[in-house]
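What follows is query-v9.cif (mmCIF, C-alpha atoms).
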data_coords
loop_
_atom_site.label_atom_id
_atom_site.label_comp_id
_atom_site.auth_asym_id
_atom_site.auth_seq_id
_atom_site.Cartn_x
_atom_site.Cartn_y
_atom_site.Cartn_z
CA MET A 1 0.00 0.00 0.00
CA GLU A 2 2.83 2.36 0.84
CA THR A 3 4.22 1.89 -2.64
CA ASN A 4 0.92 2.81 -4.23
CA ILE A 5 0.47 5.87 -2.06
CA ALA A 6 4.01 6.97 -2.92
CA GLN A 7 3.26 6.45 -6.59
CA LEU A 8 0.04 8.46 -6.32
CA GLU A 9 1.95 11.30 -4.72
CA LEU A 10 4.64 11.05 -7.37
CA ILE A 11 2.20 11.33 -10.29
CA THR A 12 0.29 14.13 -8.60
CA LYS A 13 3.54 16.00 -8.14
CA MET A 14 4.50 15.43 -11.78
CA ILE A 15 1.23 17.04 -12.89
CA LEU A 16 1.59 19.98 -10.50
CA THR A 17 5.22 20.49 -11.52
CA ALA A 18 4.13 20.63 -15.16
CA TRP A 19 1.55 23.30 -14.29
CA ASP A 20 4.20 25.28 -12.40
CA GLY A 21 6.50 25.02 -15.40
CA GLN A 22 3.95 26.46 -17.82
CA ASN A 23 2.95 29.15 -15.36
CA SER A 24 6.59 30.15 -14.81
CA HIS A 25 7.01 30.35 -18.57
CA PHE A 26 3.93 32.60 -18.72
CA ILE A 27 5.32 34.91 -16.04
CA LYS A 28 8.79 35.09 -17.61
CA LEU A 29 7.41 35.66 -21.10
CA THR A 30 4.98 38.42 -20.10
CA ASP A 31 7.71 40.09 -18.01
CA SER A 32 10.22 39.93 -20.86
CA LEU A 33 7.92 41.38 -23.54
CA THR A 34 7.72 45.17 -23.77
CA ASP A 35 4.36 46.91 -23.58
CA ALA A 36 4.70 47.61 -27.31
CA GLN A 37 5.22 43.91 -28.02
CA LEU A 38 2.30 42.88 -25.80
CA SER A 39 0.09 45.38 -27.62
CA LYS A 40 0.75 43.74 -31.00
CA GLU A 41 -1.27 40.98 -32.63
CA ILE A 42 0.37 37.53 -32.49
CA ALA A 43 -0.29 37.30 -36.26
CA PRO A 44 -2.16 39.62 -38.63
CA GLY A 45 -5.82 39.83 -37.62
CA LYS A 46 -5.38 37.55 -34.59
CA ASN A 47 -5.46 38.21 -30.82
CA THR A 48 -3.13 40.73 -29.17
CA GLY A 49 -0.65 39.80 -26.48
CA ILE A 50 -2.64 41.85 -23.95
CA TYR A 51 -5.82 39.93 -24.72
CA LEU A 52 -4.10 36.55 -24.36
CA MET A 53 -2.41 37.67 -21.16
CA GLY A 54 -5.76 38.77 -19.71
CA HIS A 55 -7.37 35.58 -20.98
CA LEU A 56 -4.85 33.35 -19.18
CA ILE A 57 -5.18 35.35 -15.95
CA ALA A 58 -9.00 35.20 -16.15
CA VAL A 59 -8.89 31.43 -16.69
CA SER A 60 -6.53 31.00 -13.72
CA ASP A 61 -8.79 33.19 -11.57
CA ALA A 62 -11.76 31.01 -12.51
CA MET A 63 -9.85 27.96 -11.24
CA LEU A 64 -10.28 29.27 -7.67
CA PRO A 65 -14.04 28.55 -7.33
CA LEU A 66 -13.79 25.53 -9.63
CA LEU A 67 -11.27 23.93 -7.26
CA LYS A 68 -13.13 25.13 -4.13
CA PHE A 69 -10.21 27.42 -3.28
CA GLY A 70 -12.48 30.45 -2.78
CA GLU A 71 -14.08 33.20 -4.81
CA LYS A 72 -12.55 34.75 -7.91
CA LEU A 73 -10.30 37.71 -7.13
CA PHE A 74 -11.11 39.63 -10.33
CA PRO A 75 -14.54 38.52 -11.58
CA ASP A 76 -14.72 41.40 -14.08
CA LEU A 77 -11.98 39.79 -16.18
CA GLU A 78 -14.32 37.09 -17.43
CA LYS A 79 -16.49 39.45 -19.46
CA VAL A 80 -13.54 41.16 -21.16
CA PHE A 81 -11.20 38.21 -21.66
CA ILE A 82 -13.35 35.07 -21.82
CA ARG A 83 -16.91 35.89 -22.83
CA ASN A 84 -15.94 38.48 -25.45
CA PRO A 85 -13.30 38.64 -28.18
CA ASP A 86 -10.31 40.97 -28.33
CA ASN A 87 -12.13 43.50 -30.55
CA SER A 88 -15.21 43.79 -28.29
CA GLY A 89 -14.57 47.45 -27.59
CA LEU A 90 -14.72 46.73 -23.85
CA VAL A 91 -12.14 48.64 -21.79
CA LYS A 92 -9.19 46.46 -20.87
CA PRO A 93 -7.01 46.89 -17.77
CA SER A 94 -3.52 48.27 -18.38
CA ILE A 95 -0.58 45.89 -18.72
CA ALA A 96 0.71 47.03 -15.30
CA GLU A 97 -2.68 46.23 -13.75
CA LEU A 98 -2.77 42.85 -15.46
CA LYS A 99 0.64 42.00 -14.03
CA ASN A 100 -0.64 42.81 -10.56
CA TYR A 101 -3.70 40.62 -11.12
CA ARG A 102 -1.47 37.83 -12.42
CA GLN A 103 0.62 37.92 -9.26
CA ALA A 104 -2.38 38.00 -6.91
CA VAL A 105 -4.16 35.13 -8.66
CA ASN A 106 -1.02 32.99 -8.73
CA ALA A 107 -0.28 33.68 -5.07
CA LYS A 108 -3.75 32.54 -4.01
CA LEU A 109 -3.76 29.56 -6.36
CA ASN A 110 -0.32 28.40 -5.25
CA GLU A 111 -1.17 28.72 -1.58
CA HIS A 112 -4.11 26.36 -2.02
CA ILE A 113 -2.33 24.03 -4.43
CA ARG A 114 0.47 23.53 -1.91
CA SER A 115 -1.96 22.53 0.85
CA THR A 116 -4.06 20.11 -1.23
CA THR A 117 -3.35 16.41 -0.62
CA SER A 118 -3.19 13.70 -3.29
CA ALA A 119 -6.52 12.35 -2.06
CA GLN A 120 -8.13 15.79 -2.26
CA TRP A 121 -6.93 16.26 -5.85
CA LEU A 122 -9.10 13.29 -6.81
CA GLU A 123 -12.23 14.87 -5.37
CA ARG A 124 -14.81 16.39 -7.69
CA HIS A 125 -14.56 19.97 -8.90
CA THR A 126 -17.54 22.30 -8.62
CA SER A 127 -18.81 22.05 -12.21
CA ILE A 128 -19.83 18.42 -11.87
CA THR A 129 -22.64 17.13 -9.64
CA PRO A 130 -21.99 14.44 -7.01
CA GLU A 131 -24.29 12.10 -8.99
CA ASP A 132 -22.38 12.52 -12.25
CA PHE A 133 -19.06 12.28 -10.45
CA VAL A 134 -19.87 8.73 -9.35
CA LYS A 135 -20.02 7.76 -13.02
CA GLU A 136 -17.19 10.03 -14.17
CA PRO A 137 -14.49 10.04 -11.47
CA HIS A 138 -11.92 11.46 -13.88
CA ARG A 139 -13.69 14.80 -13.63
CA ASN A 140 -11.71 15.64 -10.52
CA LYS A 141 -9.66 18.63 -9.42
CA LEU A 142 -6.43 17.21 -10.76
CA ASN A 143 -7.92 16.98 -14.24
CA ILE A 144 -8.60 20.72 -14.08
CA ILE A 145 -4.88 21.26 -13.52
CA ILE A 146 -4.10 18.97 -16.48
CA SER A 147 -6.47 20.73 -18.86
CA ARG A 148 -5.47 24.23 -17.76
CA THR A 149 -1.81 23.36 -18.25
CA HIS A 150 -2.51 22.42 -21.87
CA HIS A 151 -4.62 25.52 -22.33
CA MET A 152 -1.75 27.67 -21.10
CA ALA A 153 0.82 25.87 -23.30
CA TYR A 154 -1.46 26.41 -26.31
CA HIS A 155 -1.58 30.17 -25.79
CA LEU A 156 2.09 30.44 -24.81
CA GLY A 157 2.93 28.97 -28.21
CA GLN A 158 1.07 31.97 -29.63
CA MET A 159 2.42 34.64 -27.28
CA VAL A 160 6.01 33.63 -27.96
CA LEU A 161 5.47 34.88 -31.52
CA LEU A 162 5.50 38.42 -30.10
CA SER A 163 9.15 38.17 -29.05
CA MET B 1 -4.72 -0.99 -1.48
CA GLU B 2 -7.35 -1.58 -4.14
CA THR B 3 -8.45 2.02 -3.81
CA ASN B 4 -4.94 3.26 -4.38
CA ILE B 5 -4.40 1.02 -7.38
CA ALA B 6 -7.70 2.21 -8.86
CA GLN B 7 -6.63 5.81 -8.26
CA LEU B 8 -3.27 5.18 -9.92
CA GLU B 9 -5.02 3.73 -12.93
CA LEU B 10 -7.44 6.65 -12.98
CA ILE B 11 -4.70 9.30 -13.01
CA THR B 12 -2.69 7.39 -15.60
CA LYS B 13 -5.76 7.23 -17.79
CA MET B 14 -6.40 10.97 -17.33
CA ILE B 15 -2.88 11.71 -18.59
CA LEU B 16 -3.18 9.34 -21.55
CA THR B 17 -6.62 10.73 -22.44
CA ALA B 18 -5.14 14.23 -22.47
CA TRP B 19 -2.40 13.06 -24.86
CA ASP B 20 -5.01 11.44 -27.10
CA GLY B 21 -7.01 14.66 -27.08
CA GLN B 22 -4.10 16.79 -28.25
CA ASN B 23 -3.08 14.20 -30.82
CA SER B 24 -6.64 14.01 -32.19
CA HIS B 25 -6.64 17.80 -32.43
CA PHE B 26 -3.35 17.60 -34.36
CA ILE B 27 -4.76 15.04 -36.81
CA LYS B 28 -8.00 16.96 -37.33
CA LEU B 29 -6.22 20.28 -37.77
CA THR B 30 -3.65 19.01 -40.27
CA ASP B 31 -6.38 17.20 -42.20
CA SER B 32 -8.59 20.28 -42.30
CA LEU B 33 -5.89 22.69 -43.50
CA THR B 34 -5.28 22.85 -47.25
CA ASP B 35 -1.80 22.30 -48.65
CA ALA B 36 -1.69 26.04 -49.38
CA GLN B 37 -2.50 26.84 -45.74
CA LEU B 38 0.06 24.36 -44.42
CA SER B 39 2.69 25.89 -46.69
CA LYS B 40 2.21 29.35 -45.14
CA GLU B 41 4.10 30.81 -42.19
CA ILE B 42 2.10 30.88 -38.92
CA ALA B 43 3.13 34.56 -38.62
CA PRO B 44 5.47 36.71 -40.76
CA GLY B 45 9.01 35.33 -40.57
CA LYS B 46 8.01 32.38 -38.35
CA ASN B 47 7.78 28.62 -39.00
CA THR B 48 5.57 27.19 -41.74
CA GLY B 49 2.74 24.77 -41.05
CA ILE B 50 4.66 22.03 -42.89
CA TYR B 51 7.68 22.49 -40.65
CA LEU B 52 5.60 22.35 -37.47
CA MET B 53 3.70 19.32 -38.75
CA GLY B 54 6.99 17.53 -39.50
CA HIS B 55 8.39 18.67 -36.15
CA LEU B 56 5.48 17.16 -34.21
CA ILE B 57 5.68 13.88 -36.16
CA ALA B 58 9.45 13.70 -35.61
CA VAL B 59 9.02 14.29 -31.87
CA SER B 60 6.32 11.58 -31.68
CA ASP B 61 8.56 9.20 -33.63
CA ALA B 62 11.37 9.86 -31.15
CA MET B 63 9.03 8.81 -28.32
CA LEU B 64 9.23 5.20 -29.56
CA PRO B 65 12.84 4.49 -28.46
CA LEU B 66 12.52 6.84 -25.48
CA LEU B 67 9.62 4.75 -24.15
CA LYS B 68 11.26 1.44 -25.16
CA PHE B 69 8.53 0.87 -27.73
CA GLY B 70 11.02 0.12 -30.51
CA GLU B 71 13.11 1.94 -33.09
CA LYS B 72 12.08 5.16 -34.80
CA LEU B 73 10.07 4.57 -37.95
CA PHE B 74 11.41 7.64 -39.79
CA PRO B 75 14.81 8.54 -38.34
CA ASP B 76 15.54 10.99 -41.18
CA LEU B 77 12.87 13.38 -39.87
CA GLU B 78 15.04 14.43 -36.94
CA LYS B 79 17.65 16.18 -39.08
CA VAL B 80 15.07 18.15 -41.09
CA PHE B 81 12.50 18.93 -38.39
CA ILE B 82 14.33 18.91 -35.03
CA ARG B 83 18.05 19.53 -35.51
CA ASN B 84 17.63 22.21 -38.17
CA PRO B 85 15.30 25.18 -38.61
CA ASP B 86 12.60 25.61 -41.23
CA ASN B 87 14.87 27.60 -43.57
CA SER B 88 17.72 25.04 -43.53
CA GLY B 89 17.41 24.35 -47.24
CA LEU B 90 17.09 20.62 -46.50
CA VAL B 91 14.53 18.82 -48.68
CA LYS B 92 11.27 18.24 -46.80
CA PRO B 93 8.85 15.37 -47.45
CA SER B 94 5.60 16.32 -49.17
CA ILE B 95 2.48 16.98 -47.12
CA ALA B 96 0.98 13.71 -48.36
CA GLU B 97 4.09 11.82 -47.24
CA LEU B 98 4.01 13.56 -43.86
CA LYS B 99 0.40 12.50 -43.35
CA ASN B 100 1.40 8.89 -44.03
CA TYR B 101 4.25 9.17 -41.53
CA ARG B 102 1.89 10.72 -38.99
CA GLN B 103 -0.49 7.80 -39.30
CA ALA B 104 2.25 5.14 -39.06
CA VAL B 105 3.89 6.75 -36.01
CA ASN B 106 0.57 7.16 -34.22
CA ALA B 107 -0.46 3.58 -34.97
CA LYS B 108 2.75 2.19 -33.50
CA LEU B 109 2.69 4.56 -30.52
CA ASN B 110 -0.95 3.81 -29.74
CA GLU B 111 -0.46 0.09 -29.97
CA HIS B 112 2.26 0.24 -27.31
CA ILE B 113 0.50 2.86 -25.17
CA ARG B 114 -2.58 0.64 -24.96
CA SER B 115 -0.57 -2.35 -23.72
CA THR B 116 1.46 -0.46 -21.09
CA THR B 117 0.31 -0.94 -17.49
CA SER B 118 0.17 1.77 -14.80
CA ALA B 119 3.18 0.21 -13.12
CA GLN B 120 5.16 0.20 -16.36
CA TRP B 121 4.39 3.88 -16.96
CA LEU B 122 6.32 4.63 -13.79
CA GLU B 123 9.45 2.87 -15.04
CA ARG B 124 12.38 4.90 -16.27
CA HIS B 125 12.63 6.07 -19.86
CA THR B 126 15.81 5.48 -21.88
CA SER B 127 17.40 8.91 -21.49
CA ILE B 128 18.01 8.51 -17.76
CA THR B 129 20.42 6.01 -16.21
CA PRO B 130 19.22 3.48 -13.60
CA GLU B 131 21.47 5.23 -11.05
CA ASP B 132 19.96 8.68 -11.65
CA PHE B 133 16.46 7.24 -11.76
CA VAL B 134 16.78 6.09 -8.14
CA LYS B 135 17.20 9.74 -7.16
CA GLU B 136 14.76 11.16 -9.72
CA PRO B 137 11.81 8.76 -10.00
CA HIS B 138 9.67 11.40 -11.68
CA ARG B 139 11.76 10.93 -14.83
CA ASN B 140 9.55 8.04 -15.86
CA LYS B 141 7.70 7.12 -19.05
CA LEU B 142 4.50 8.81 -17.96
CA ASN B 143 6.31 12.12 -17.59
CA ILE B 144 7.35 11.85 -21.24
CA ILE B 145 3.66 11.68 -22.15
CA ILE B 146 2.96 14.72 -19.97
CA SER B 147 5.74 16.83 -21.48
CA ARG B 148 5.00 15.78 -25.06
CA THR B 149 1.33 16.66 -24.57
CA HIS B 150 2.32 20.20 -23.57
CA HIS B 151 4.77 20.41 -26.44
CA MET B 152 2.02 19.45 -28.86
CA ALA B 153 -0.48 21.92 -27.35
CA TYR B 154 2.13 24.68 -27.66
CA HIS B 155 2.60 24.10 -31.40
CA LEU B 156 -1.12 23.50 -32.03
CA GLY B 157 -1.75 26.99 -30.67
CA GLN B 158 0.56 28.16 -33.46
CA MET B 159 -0.75 25.93 -36.25
CA VAL B 160 -4.34 26.98 -35.61
CA LEU B 161 -3.31 30.45 -36.79
CA LEU B 162 -3.12 29.01 -40.32
CA SER B 163 -6.87 28.36 -40.45
#
Any chance you could put this one into structure tokens?
Amino acid sequence: METNIAQLELITKMILTAWDGQNSHFIKLTDSLTDAQLSKEIAPGKNTGIYLMGHLIAVSDAMLPLLKFGEKLFPDLEKVFIRNPDNSGLVKPSIAELKNYRQAVNAKLNEHIRSTTSAQWLERHTSITPEDFVKEPHRNKLNIIISRTHHMAYHLGQMVLLS
Amino acid sequence: METNIAQLELITKMILTAWDGQNSHFIKLTDSLTDAQLSKEIAPGKNTGIYLMGHLIAVSDAMLPLLKFGEKLFPDLEKVFIRNPDNSGLVKPSIAELKNYRQAVNAKLNEHIRSTTSAQWLERHTSITPEDFVKEPHRNKLNIIISRTHHMAYHLGQMVLLS
């Protein structure tokens, strides 16, 4: 049994380390790009760096309630960066503000991630009912980390085009 | 103990399902893009769709020896699509040939992935020595799947700009 528990903890850590790696890449990339670079489109007619930066922060913020870590810190981001496209005409926060949001969201996320046990990672997230979770146990908190890591990698591949 | 084994199998399956999801996206995207679209650069002065397609196939092919699944099927891809940049002047296979390679590599990979047990996924891959693996047990076969899934998501975020 000890072996299996150790293996569970090992795999959980592998998944969390992968999330940390993508998130570190996101922080380094957005800190290394100038405001002028972040204001550009990743390709002609496509999203700007600012929009993708806000989008990734909004998606991370939404992980807080989804993982039962608490309320969103910046609920207004969803309308601007998730529910509407870049050219919505909605006012966007400045890059400096976005960097502050990024730091606050990551701090709160990381605090909770660090204190979540392997067993807790396999509990259901808040967008699935207890009844459905019995039939679909893969829809757990850890799977949110997996899918958000891919989502971040996907957009980092785009944002790196700005550099 | 049964609970822990079931949980191990569940997490392993979550990781493999995520890989399948990205790989399916890759197949659908490259099949939906025209040859003209795949021949374009993802952004001015950046890689072409053909190069990224070949790059992802070459990286998948390299997973075969890394995971002890056998030899590479198309060892020549590495020079053109991994060791050298898009503008190397090296002759590239045609898009039709690349699609055949993609199918062959995925068929062989999937065959082996399906027959690998949860315990085997936690064994070392071939680029780490047995001595180092004792100290770094996270450098196992499953972690190759995790990192290659992110790598694929990263480049899919770029290739989708061609559509």
Next item on the list: Rank B:Glu136, B:Thr30, B:Ser115, B:Gly157 by their smallest atom-to-atom distance to Ile42 (chain B), using only C-alpha atoms, and report the top residue only.
Entry: B:Gly157
Note to self: Residues of chain A were defined as contacting chain B if any atom lay at most 10 Å from it, counting all atoms listed in the file; please report them as a ChimeraX atom specification.
What the structure shows: /A:1-15,18-19,22,41-46,118-119,122,137-140,142-143,146-147,149-162
Next item on the list: Can you give me, as a list in words, the residues this file yields under the PyMOL selection byres ((chain A and resi 104-114) around 10)?
Entry: Leu16, Asp20, Asn23, Ile27, Ile57, Ala58, Ser60, Asp61, Ala62, Met63, Leu64, Leu67, Lys68, Phe69, Gly70, Lys72, Leu73, Phe74, Leu98, Lys99, Asn100, Tyr101, Arg102, Gln103, Ser115, Thr116, Thr117, Trp121 and Ile145 of chain A
Margin query: As an exercise, work out the distance from CA of Leu56 (chain B) to CA of Asp31 (chain B) in Å and give it to one decimal place.
Written below: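 So the answer is 14.3 Å.
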Margin query: For the PyMOL selection byres ((chain A and resi 77) around 9), applied here, can you spell out every residue it catches as an MDAnalysis selection string?
Written below: chainID A and resid 54:55 57:59 61 74:76 78:82 92:93
Dump of C-alpha atoms for the selected residues, as a short mmCIF file (atom, residue, chain, number, x, y, z; two decimals), keeping the file's coordinate frame:
data_model
loop_
_atom_site.label_atom_id
_atom_site.label_comp_id
_atom_site.auth_asym_id
_atom_site.auth_seq_id
_atom_site.Cartn_x
_atom_site.Cartn_y
_atom_site.Cartn_z
CA GLY A 54 -5.76 38.77 -19.71
CA HIS A 55 -7.37 35.58 -20.98
CA ILE A 57 -5.18 35.35 -15.95
CA ALA A 58 -9.00 35.20 -16.15
CA VAL A 59 -8.89 31.43 -16.69
CA ASP A 61 -8.79 33.19 -11.57
CA PHE A 74 -11.11 39.63 -10.33
CA PRO A 75 -14.54 38.52 -11.58
CA ASP A 76 -14.72 41.40 -14.08
CA GLU A 78 -14.32 37.09 -17.43
CA LYS A 79 -16.49 39.45 -19.46
CA VAL A 80 -13.54 41.16 -21.16
CA PHE A 81 -11.20 38.21 -21.66
CA ILE A 82 -13.35 35.07 -21.82
CA LYS A 92 -9.19 46.46 -20.87
CA PRO A 93 -7.01 46.89 -17.77
#
Margin query: As an exercise, work out the distance from CA of Leu52 (chain A) to CA of Ser39 (chain B) in Å and give it to one decimal place.
Written below: 25.7 Å
Checklist line | Between CA of Asp86 (chain B) and CA of Leu33 (chain B) - distance in Å to one decimal | finding: 18.9 Å
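Taking all atoms listed in the file into account, the polymer residues that have an atom no farther than 8 Å from (14.9, 6.1, -18.7) are Leu66, Leu67, Glu123, Arg124, His125, Thr126, Ser127, Ile128, Thr129, Pro130, Phe133, Arg139, Asn140 and Lys141 of chain B.
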Include C-alpha atoms and write out the residues we just selected as a short mmCIF file (atom, residue, chain, number, x, y, z; two decimals), keeping the file's coordinate frame.
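The result, stored in out_5.cif:
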data_model
loop_
_atom_site.label_atom_id
_atom_site.label_comp_id
_atom_site.auth_asym_id
_atom_site.auth_seq_id
_atom_site.Cartn_x
_atom_site.Cartn_y
_atom_site.Cartn_z
CA LEU B 66 12.52 6.84 -25.48
CA LEU B 67 9.62 4.75 -24.15
CA GLU B 123 9.45 2.87 -15.04
CA ARG B 124 12.38 4.90 -16.27
CA HIS B 125 12.63 6.07 -19.86
CA THR B 126 15.81 5.48 -21.88
CA SER B 127 17.40 8.91 -21.49
CA ILE B 128 18.01 8.51 -17.76
CA THR B 129 20.42 6.01 -16.21
CA PRO B 130 19.22 3.48 -13.60
CA PHE B 133 16.46 7.24 -11.76
CA ARG B 139 11.76 10.93 -14.83
CA ASN B 140 9.55 8.04 -15.86
CA LYS B 141 7.70 7.12 -19.05
#
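Between Leu29 (chain A) and the candidates A:Asn84, A:Gly49, A:Glu131, A:Ala96, the tightest atom-to-atom separation, counting all atoms listed in the file, involves A:Gly49.
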To test the calculation: enclose all listed atoms of region 4-10 of chain B in a box whose edges run along x, y and z, add 3 Å on each side, then state centre and edge lengths in Å to one decimal, as lines of an AutoDock Vina configuration file.
center_x = -5.5
center_y = 3.8
center_z = -8.7
size_x = 10.4
size_y = 11.6
size_z = 14.6
Note to self: Between B:Ile95, B:Met53, B:Ile144, B:Val134, which residue has the minimum interatomic distance to Asp35 (chain B), considering all atoms listed in the file?
What the structure shows: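 Checking each candidate against Asp35 (chain B), we get B:Ile95 as the closest.
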